[in-house]
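> Please find run30.txt (compact mmCIF, C-alpha atoms) on the next line:
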# COMPACT_ATOMS: atom_id res chain seq x y z
CA PRO Z 1 -53.07 -15.35 -123.29
CA MET Z 2 -50.80 -15.77 -126.39
CA THR Z 3 -52.47 -14.87 -129.64
CA ASN Z 4 -52.37 -17.21 -132.61
CA THR Z 5 -49.90 -14.94 -134.38
CA LEU Z 6 -47.49 -14.85 -131.46
CA ARG Z 7 -47.85 -18.60 -130.96
CA ASP Z 8 -47.03 -19.29 -134.61
CA TRP Z 9 -44.03 -16.98 -134.43
CA ALA Z 10 -42.73 -18.69 -131.30
CA VAL Z 11 -43.03 -22.13 -132.92
CA PHE Z 12 -41.25 -20.88 -136.04
CA SER Z 13 -38.45 -19.30 -134.00
CA PHE Z 14 -37.93 -22.44 -131.93
CA SER Z 15 -37.91 -24.65 -135.02
CA PHE Z 16 -35.43 -22.36 -136.76
CA ALA Z 17 -33.12 -22.32 -133.74
CA LEU Z 18 -33.32 -26.09 -133.39
CA THR Z 19 -32.49 -26.59 -137.04
CA ALA Z 20 -29.54 -24.20 -136.81
CA CYS Z 21 -28.17 -26.01 -133.78
CA THR Z 22 -28.52 -29.49 -135.18
CA ALA Z 23 -27.42 -28.77 -138.76
CA PRO Z 24 -24.00 -30.19 -139.59
CA VAL Z 25 -21.20 -27.67 -139.43
CA HIS Z 26 -19.49 -27.25 -142.79
CA ASP Z 27 -15.81 -28.02 -142.49
CA SER Z 28 -14.05 -26.15 -145.29
CA SER Z 29 -10.91 -28.23 -144.81
CA ALA Z 30 -12.84 -31.44 -145.45
CA SER Z 31 -13.86 -30.28 -148.93
CA LYS Z 32 -10.44 -29.02 -149.97
CA PRO Z 33 -9.50 -30.90 -153.12
CA HIS Z 34 -6.48 -33.15 -153.21
CA THR Z 35 -4.57 -34.23 -156.27
CA LEU Z 36 -4.50 -37.89 -157.15
CA ARG Z 37 -0.72 -37.67 -156.88
CA ALA Z 38 -1.06 -36.61 -153.25
CA LEU Z 39 -3.56 -39.39 -152.53
CA TYR Z 40 -1.18 -41.93 -154.09
CA GLY Z 41 1.70 -40.54 -152.04
CA LEU Z 42 3.65 -39.33 -155.08
CA ALA Z 43 5.86 -36.57 -153.70
CA PRO Z 44 8.07 -34.20 -155.71
CA PRO Z 45 11.71 -35.26 -155.86
CA ALA Z 46 14.20 -33.89 -153.36
CA SER Z 47 17.04 -34.20 -155.87
CA LEU Z 48 17.84 -35.23 -159.44
CA GLU Z 49 20.30 -37.78 -160.76
CA ARG Z 50 22.46 -36.17 -163.42
CA SER Z 51 22.93 -39.31 -165.53
CA LYS Z 52 19.23 -40.22 -165.42
CA THR Z 53 17.67 -36.80 -166.11
CA ALA Z 54 16.89 -35.00 -169.37
CA LEU Z 55 15.50 -31.56 -170.19
CA LEU Z 56 12.93 -31.60 -173.00
CA LEU Z 57 12.41 -28.29 -174.81
CA VAL Z 58 9.24 -28.85 -176.81
CA ASP Z 59 8.22 -26.82 -179.86
CA PHE Z 60 10.08 -23.61 -179.09
CA GLN Z 61 9.71 -22.58 -182.73
CA ARG Z 62 9.14 -19.38 -184.66
CA GLU Z 63 5.57 -20.36 -185.59
CA PHE Z 64 4.54 -19.19 -182.12
CA PHE Z 65 6.17 -15.79 -182.53
CA GLU Z 66 6.14 -14.89 -186.22
CA GLY Z 67 3.55 -17.28 -187.62
CA ALA Z 68 -0.13 -18.12 -187.29
CA LEU Z 69 -0.08 -19.05 -183.59
CA PRO Z 70 1.25 -16.09 -181.58
CA LEU Z 71 1.39 -16.71 -177.83
CA PRO Z 72 0.86 -13.73 -175.50
CA ASP Z 73 3.23 -15.14 -172.87
CA GLY Z 74 5.60 -16.88 -175.28
CA ALA Z 75 8.55 -14.57 -174.71
CA ASP Z 76 8.38 -15.10 -170.96
CA ALA Z 77 8.31 -18.87 -171.44
CA VAL Z 78 11.37 -18.65 -173.69
CA ALA Z 79 13.23 -16.57 -171.12
CA HIS Z 80 12.62 -19.18 -168.42
CA ALA Z 81 13.44 -22.02 -170.79
CA ARG Z 82 16.75 -20.31 -171.51
CA GLN Z 83 17.49 -20.36 -167.78
CA LEU Z 84 16.70 -24.07 -167.69
CA LEU Z 85 18.94 -24.65 -170.69
CA SER Z 86 21.86 -22.84 -169.08
CA TRP Z 87 21.35 -24.76 -165.85
CA ALA Z 88 21.17 -28.12 -167.66
CA ARG Z 89 24.42 -27.43 -169.49
CA ARG Z 90 26.16 -26.38 -166.28
CA GLU Z 91 24.98 -29.57 -164.61
CA ASN Z 92 25.81 -31.73 -167.64
CA ILE Z 93 22.17 -32.83 -167.99
CA LEU Z 94 21.03 -34.11 -171.38
CA VAL Z 95 19.09 -31.55 -173.44
CA VAL Z 96 16.56 -32.66 -176.05
CA HIS Z 97 15.06 -30.19 -178.52
CA VAL Z 98 11.71 -31.38 -179.88
CA HIS Z 99 10.49 -29.70 -183.07
CA ASN Z 100 7.18 -30.00 -184.85
CA VAL Z 101 7.24 -30.23 -188.67
CA ALA Z 102 4.02 -30.94 -190.56
CA LYS Z 103 3.96 -33.78 -193.08
CA GLN Z 104 1.52 -32.01 -195.41
CA PRO Z 105 3.46 -29.82 -197.87
CA ASP Z 106 0.68 -27.19 -197.85
CA SER Z 107 0.14 -27.17 -194.08
CA PRO Z 108 -1.03 -23.77 -192.75
CA VAL Z 109 1.28 -24.14 -189.74
CA PHE Z 110 4.70 -25.73 -189.19
CA ARG Z 111 5.19 -26.22 -192.92
CA ALA Z 112 8.39 -28.08 -193.75
CA GLY Z 113 11.06 -25.78 -195.17
CA SER Z 114 9.45 -22.61 -193.81
CA THR Z 115 11.10 -20.26 -191.37
CA GLN Z 116 8.27 -20.96 -188.91
CA VAL Z 117 9.65 -24.43 -188.07
CA GLU Z 118 13.02 -23.01 -187.07
CA ALA Z 119 13.94 -22.97 -183.39
CA VAL Z 120 13.84 -19.66 -181.57
CA PRO Z 121 17.40 -18.25 -181.51
CA GLU Z 122 17.47 -17.96 -177.71
CA LEU Z 123 17.40 -21.76 -177.42
CA ALA Z 124 19.93 -22.72 -180.07
CA ARG Z 125 21.27 -26.25 -179.78
CA ASP Z 126 24.87 -27.19 -179.24
CA ALA Z 127 26.80 -30.24 -180.38
CA ASN Z 128 25.82 -32.34 -177.35
CA ASP Z 129 22.09 -31.71 -177.59
CA TRP Z 130 19.64 -34.10 -179.20
CA VAL Z 131 17.03 -33.01 -181.75
CA VAL Z 132 13.80 -34.96 -182.22
CA THR Z 133 11.34 -34.15 -185.00
CA LYS Z 134 7.67 -34.99 -184.74
CA ALA Z 135 4.65 -34.33 -186.93
CA ALA Z 136 1.94 -34.08 -184.29
CA ALA Z 137 1.08 -33.99 -180.59
CA GLY Z 138 3.92 -34.67 -178.14
CA ALA Z 139 7.58 -35.65 -178.08
CA PHE Z 140 6.77 -39.37 -177.95
CA THR Z 141 4.17 -39.36 -180.73
CA ARG Z 142 5.51 -41.65 -183.46
CA THR Z 143 9.13 -40.83 -182.62
CA GLU Z 144 12.07 -42.89 -181.36
CA LEU Z 145 12.58 -40.71 -178.30
CA ASP Z 146 11.49 -43.32 -175.75
CA ALA Z 147 13.91 -45.92 -177.14
CA ARG Z 148 16.78 -43.44 -177.19
CA LEU Z 149 16.12 -42.25 -173.64
CA ARG Z 150 15.93 -45.81 -172.32
CA GLU Z 151 19.18 -46.67 -174.05
CA ARG Z 152 20.75 -43.68 -172.29
CA GLY Z 153 19.29 -44.75 -168.92
CA ILE Z 154 17.10 -41.65 -168.53
CA ARG Z 155 14.29 -42.00 -165.99
CA SER Z 156 13.36 -38.39 -165.10
CA LEU Z 157 12.21 -35.67 -167.48
CA ILE Z 158 11.92 -31.93 -167.06
CA VAL Z 159 9.49 -30.59 -169.66
CA ALA Z 160 9.25 -27.02 -170.93
CA GLY Z 161 7.51 -25.99 -174.10
CA LEU Z 162 4.71 -24.63 -176.22
CA MET Z 163 1.76 -25.01 -176.09
CA THR Z 164 0.89 -26.06 -172.56
CA HIS Z 165 -2.49 -27.57 -173.38
CA LEU Z 166 -1.23 -29.49 -176.41
CA ALA Z 167 2.38 -30.58 -176.97
CA VAL Z 168 3.44 -30.11 -173.35
CA ASP Z 169 0.35 -31.93 -172.10
CA SER Z 170 0.78 -34.81 -174.56
CA THR Z 171 4.48 -35.13 -173.77
CA ALA Z 172 3.95 -35.21 -170.01
CA ARG Z 173 1.08 -37.68 -170.12
CA ASP Z 174 2.83 -40.04 -172.53
CA ALA Z 175 6.04 -39.88 -170.51
CA THR Z 176 4.25 -40.80 -167.29
CA LEU Z 177 2.47 -43.71 -168.95
CA LEU Z 178 5.85 -44.89 -170.26
CA GLY Z 179 7.22 -44.91 -166.72
CA TYR Z 180 9.19 -41.66 -166.50
CA ALA Z 181 9.07 -39.26 -163.58
CA VAL Z 182 7.96 -35.92 -165.00
CA ILE Z 183 8.38 -32.33 -163.85
CA VAL Z 184 6.72 -29.59 -165.91
CA ALA Z 185 8.30 -26.15 -165.66
CA SER Z 186 5.23 -23.99 -165.12
CA ASP Z 187 6.76 -20.65 -166.13
CA ALA Z 188 8.64 -22.14 -169.10
CA THR Z 189 5.37 -23.05 -170.81
CA ALA Z 190 2.72 -20.93 -172.50
CA THR Z 191 -0.44 -21.19 -174.54
CA ARG Z 192 -2.97 -19.07 -176.42
CA ASP Z 193 -6.60 -17.94 -176.29
CA LEU Z 194 -9.01 -20.63 -177.50
CA PRO Z 195 -12.42 -20.15 -179.15
CA GLY Z 196 -15.40 -21.02 -176.97
CA MET Z 197 -17.58 -23.92 -177.99
CA ASP Z 198 -21.09 -23.47 -179.43
CA GLY Z 199 -20.94 -19.70 -179.38
CA ALA Z 200 -19.51 -19.39 -175.89
CA PRO Z 201 -17.04 -16.58 -175.21
CA LEU Z 202 -13.38 -17.19 -175.96
CA VAL Z 203 -11.29 -18.92 -173.31
CA HIS Z 204 -8.52 -16.60 -172.17
CA HIS Z 205 -4.99 -17.96 -172.45
CA ALA Z 206 -4.37 -17.47 -168.73
CA ASP Z 207 -7.34 -19.74 -167.96
CA VAL Z 208 -6.19 -22.33 -170.49
CA GLN Z 209 -2.72 -22.26 -168.91
CA ARG Z 210 -4.03 -22.60 -165.36
CA VAL Z 211 -6.36 -25.49 -166.18
CA ALA Z 212 -3.78 -27.31 -168.32
CA LEU Z 213 -1.22 -27.23 -165.50
CA ALA Z 214 -3.81 -28.19 -162.87
CA SER Z 215 -4.89 -31.16 -164.99
CA LEU Z 216 -1.31 -32.39 -165.29
CA ALA Z 217 -0.64 -31.78 -161.61
CA ASP Z 218 -3.58 -33.97 -160.63
CA ARG Z 219 -1.94 -37.17 -161.82
CA PHE Z 220 0.67 -36.89 -164.56
CA ALA Z 221 3.43 -34.55 -163.40
CA ASP Z 222 4.93 -32.49 -160.66
CA ILE Z 223 4.63 -28.79 -161.48
CA ALA Z 224 7.47 -26.50 -160.46
CA SER Z 225 8.84 -23.08 -161.34
CA THR Z 226 12.15 -22.63 -163.10
CA ARG Z 227 13.64 -21.27 -159.88
CA ALA Z 228 12.55 -24.37 -157.96
CA ILE Z 229 13.88 -26.74 -160.61
CA THR Z 230 17.27 -25.05 -160.83
CA SER Z 231 17.48 -25.22 -157.04
CA PHE Z 232 17.26 -29.01 -156.95
CA ARG Z 233 20.32 -30.80 -155.71
CA VAL Z 234 21.83 -32.70 -158.64
CA ALA Z 235 23.51 -35.96 -157.68
CA PRO Z 236 26.14 -37.66 -159.86
Just give me the structure of the file as structure tokens.


Amino acid sequence: PMTNTLRDWAVFSFSFALTACTAPVHDSSASKPHTLRALYGLAPPASLERSKTALLLVDFQREFFEGALPLPDGADAVAHARQLLSWARRENILVVHVHNVAKQPDSPVFRAGSTQVEAVPELARDANDWVVTKAAAGAFTRTELDARLRERGIRSLIVAGLMTHLAVDSTARDATLLGYAVIVASDATATRDLPGMDGAPLVHHADVQRVALASLADRFADIASTRAITSFRVAP
């Protein structure tokens, strides 16, 4: 005869096996996240229209290299932005330089008249480029950029700039809400380490960059490398 101990073990084993067999199988593909853009059917463009596209170079200024806000990956972002600039000029695409200049005369950053508000030399403007000056946030924040772009017939924007989580983010979000199609050049953007909140450890710049781009990619912009952007077919 079966002892109580063996009987209990048999019941436990049967119950465990039954539970294992009837438990729902976890489908990893079912839980894979999708961007809102994908759910809405917003696909990246297959080509660009030359007359309706502009390249925005946002806040590529010396403050991020010689001032109070050094960016660890700033030089790499500038190098890729320079490639975008050369491509845009070859393709006769409008180039817009957006510069931040603080209104407060004693501002600790981007002080008017200081060398820190000057553009980085690698991205010097030419006679056909536009220059837009702002005092905060993104390229559309209390500027006339939207009106000027609409007058020109621009509908698509390629955005590169500093910093990814601030001016680039604000520019891309505002542009989308204004009705533009937006592509953010992932490797022509950069940001910095941020302090953690309430005593938490600092947030590494690579994590800030990754999350900032992922947040934009969810709804507000297509994200593409410089190589991908410069490989787009450009239609007249």

> Work out how far atom CA of Gln83 of chain Z is from atom CA of Trp130 of chain Z, in Å to one decimal.

18.0 Å

> Pick out the closest residue to Ala112 of chain Z from this set: Z:Ala127, Z:Ala135, Z:Ala43, Z:Leu178. Count all atoms listed in the file.

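Checking each of Z:Ala127, Z:Ala135, Z:Ala43, Z:Leu178 against Ala112 of chain Z, counting all atoms listed in the file, the winner is Z:Ala135.
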
> For a test of reading the model, state the distance in Å between atom CA of Pro72 of chain Z and atom CA of His204 of chain Z, rounded to one decimal.

10.4 Å

> Rank nothing, just name the residue among Z:Thr35, Z:Ala54, Z:Asp218, Z:Ser47 nearest to Arg148 of chain Z, using only C-alpha atoms.

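Nearest candidate to Arg148 of chain Z out of Z:Thr35, Z:Ala54, Z:Asp218, Z:Ser47: Z:Ala54.
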
> Pick from Z:Val109, Z:Val98, Z:Leu71, Z:Ala38: nearest to Ala217 of chain Z, with only C-alpha atoms counted?

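Closest residue, counting only C-alpha atoms: Z:Ala38.
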
> Could you please determine the separation between atom CA of Glu63 of chain Z and atom CA of Asp198 of chain Z in Å, to one decimal place?

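That distance, rounded to one decimal, is 27.5 Å.
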
> Please determine, counting only C-alpha atoms, which residue among Z:Val101, Z:Ala190, Z:Ala224, Z:Val132 has the shortest atom-to-atom distance to Ala212 of chain Z.

Z:Ala190

> Select all residues near (0.8, -24.4, -168.5) (cut-off 9 Å, inclusive, file coordinates), counting only C-alpha atoms, and output them as a compact mmCIF listing (two decimals) with C-alpha atoms, in the frame of the given file.


# COMPACT_ATOMS: atom_id res chain seq x y z
CA GLY Z 161 7.51 -25.99 -174.10
CA LEU Z 162 4.71 -24.63 -176.22
CA MET Z 163 1.76 -25.01 -176.09
CA THR Z 164 0.89 -26.06 -172.56
CA HIS Z 165 -2.49 -27.57 -173.38
CA VAL Z 168 3.44 -30.11 -173.35
CA ASP Z 169 0.35 -31.93 -172.10
CA VAL Z 184 6.72 -29.59 -165.91
CA ALA Z 185 8.30 -26.15 -165.66
CA SER Z 186 5.23 -23.99 -165.12
CA ASP Z 187 6.76 -20.65 -166.13
CA ALA Z 188 8.64 -22.14 -169.10
CA THR Z 189 5.37 -23.05 -170.81
CA ALA Z 190 2.72 -20.93 -172.50
CA THR Z 191 -0.44 -21.19 -174.54
CA ALA Z 206 -4.37 -17.47 -168.73
CA VAL Z 208 -6.19 -22.33 -170.49
CA GLN Z 209 -2.72 -22.26 -168.91
CA ARG Z 210 -4.03 -22.60 -165.36
CA VAL Z 211 -6.36 -25.49 -166.18
CA ALA Z 212 -3.78 -27.31 -168.32
CA LEU Z 213 -1.22 -27.23 -165.50
CA ALA Z 214 -3.81 -28.19 -162.87
CA LEU Z 216 -1.31 -32.39 -165.29

> Kindly indicate which residue among Z:Arg173, Z:Arg62, Z:His80, Z:His34 lies nearest to Thr230 of chain Z, using only C-alpha atoms for the distances.

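Between Z:Arg173, Z:Arg62, Z:His80, Z:His34, the residue approaching Thr230 of chain Z most closely is Z:His80.
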
> Return the padded bounding box of segment 73-84 of chain Z as AutoDock Vina command-line options: axis-aligned, built from all atoms listed in the file, 3 Å added on each side, with centre and edge lengths in Å to one decimal.


--center_x 10.4 --center_y -19.3 --center_z -171.5 --size_x 20.3 --size_y 15.5 --size_z 13.6

> Which residues, written as a PyMOL selection string, have at least one atom at most 10 Å from Leu48 of chain Z, with only C-alpha atoms counted and residues fewer than 3 positions away on the same chain left out?

chain Z and resi 45+51-54+93+156-157+229+232-236

> Which residue is closest to Arg219 of chain Z? Choose from Z:Ala136, Z:Lys32, Z:Arg37, Z:Val78 and count all atoms listed in the file.

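The closest residue to Arg219 of chain Z is Z:Arg37.
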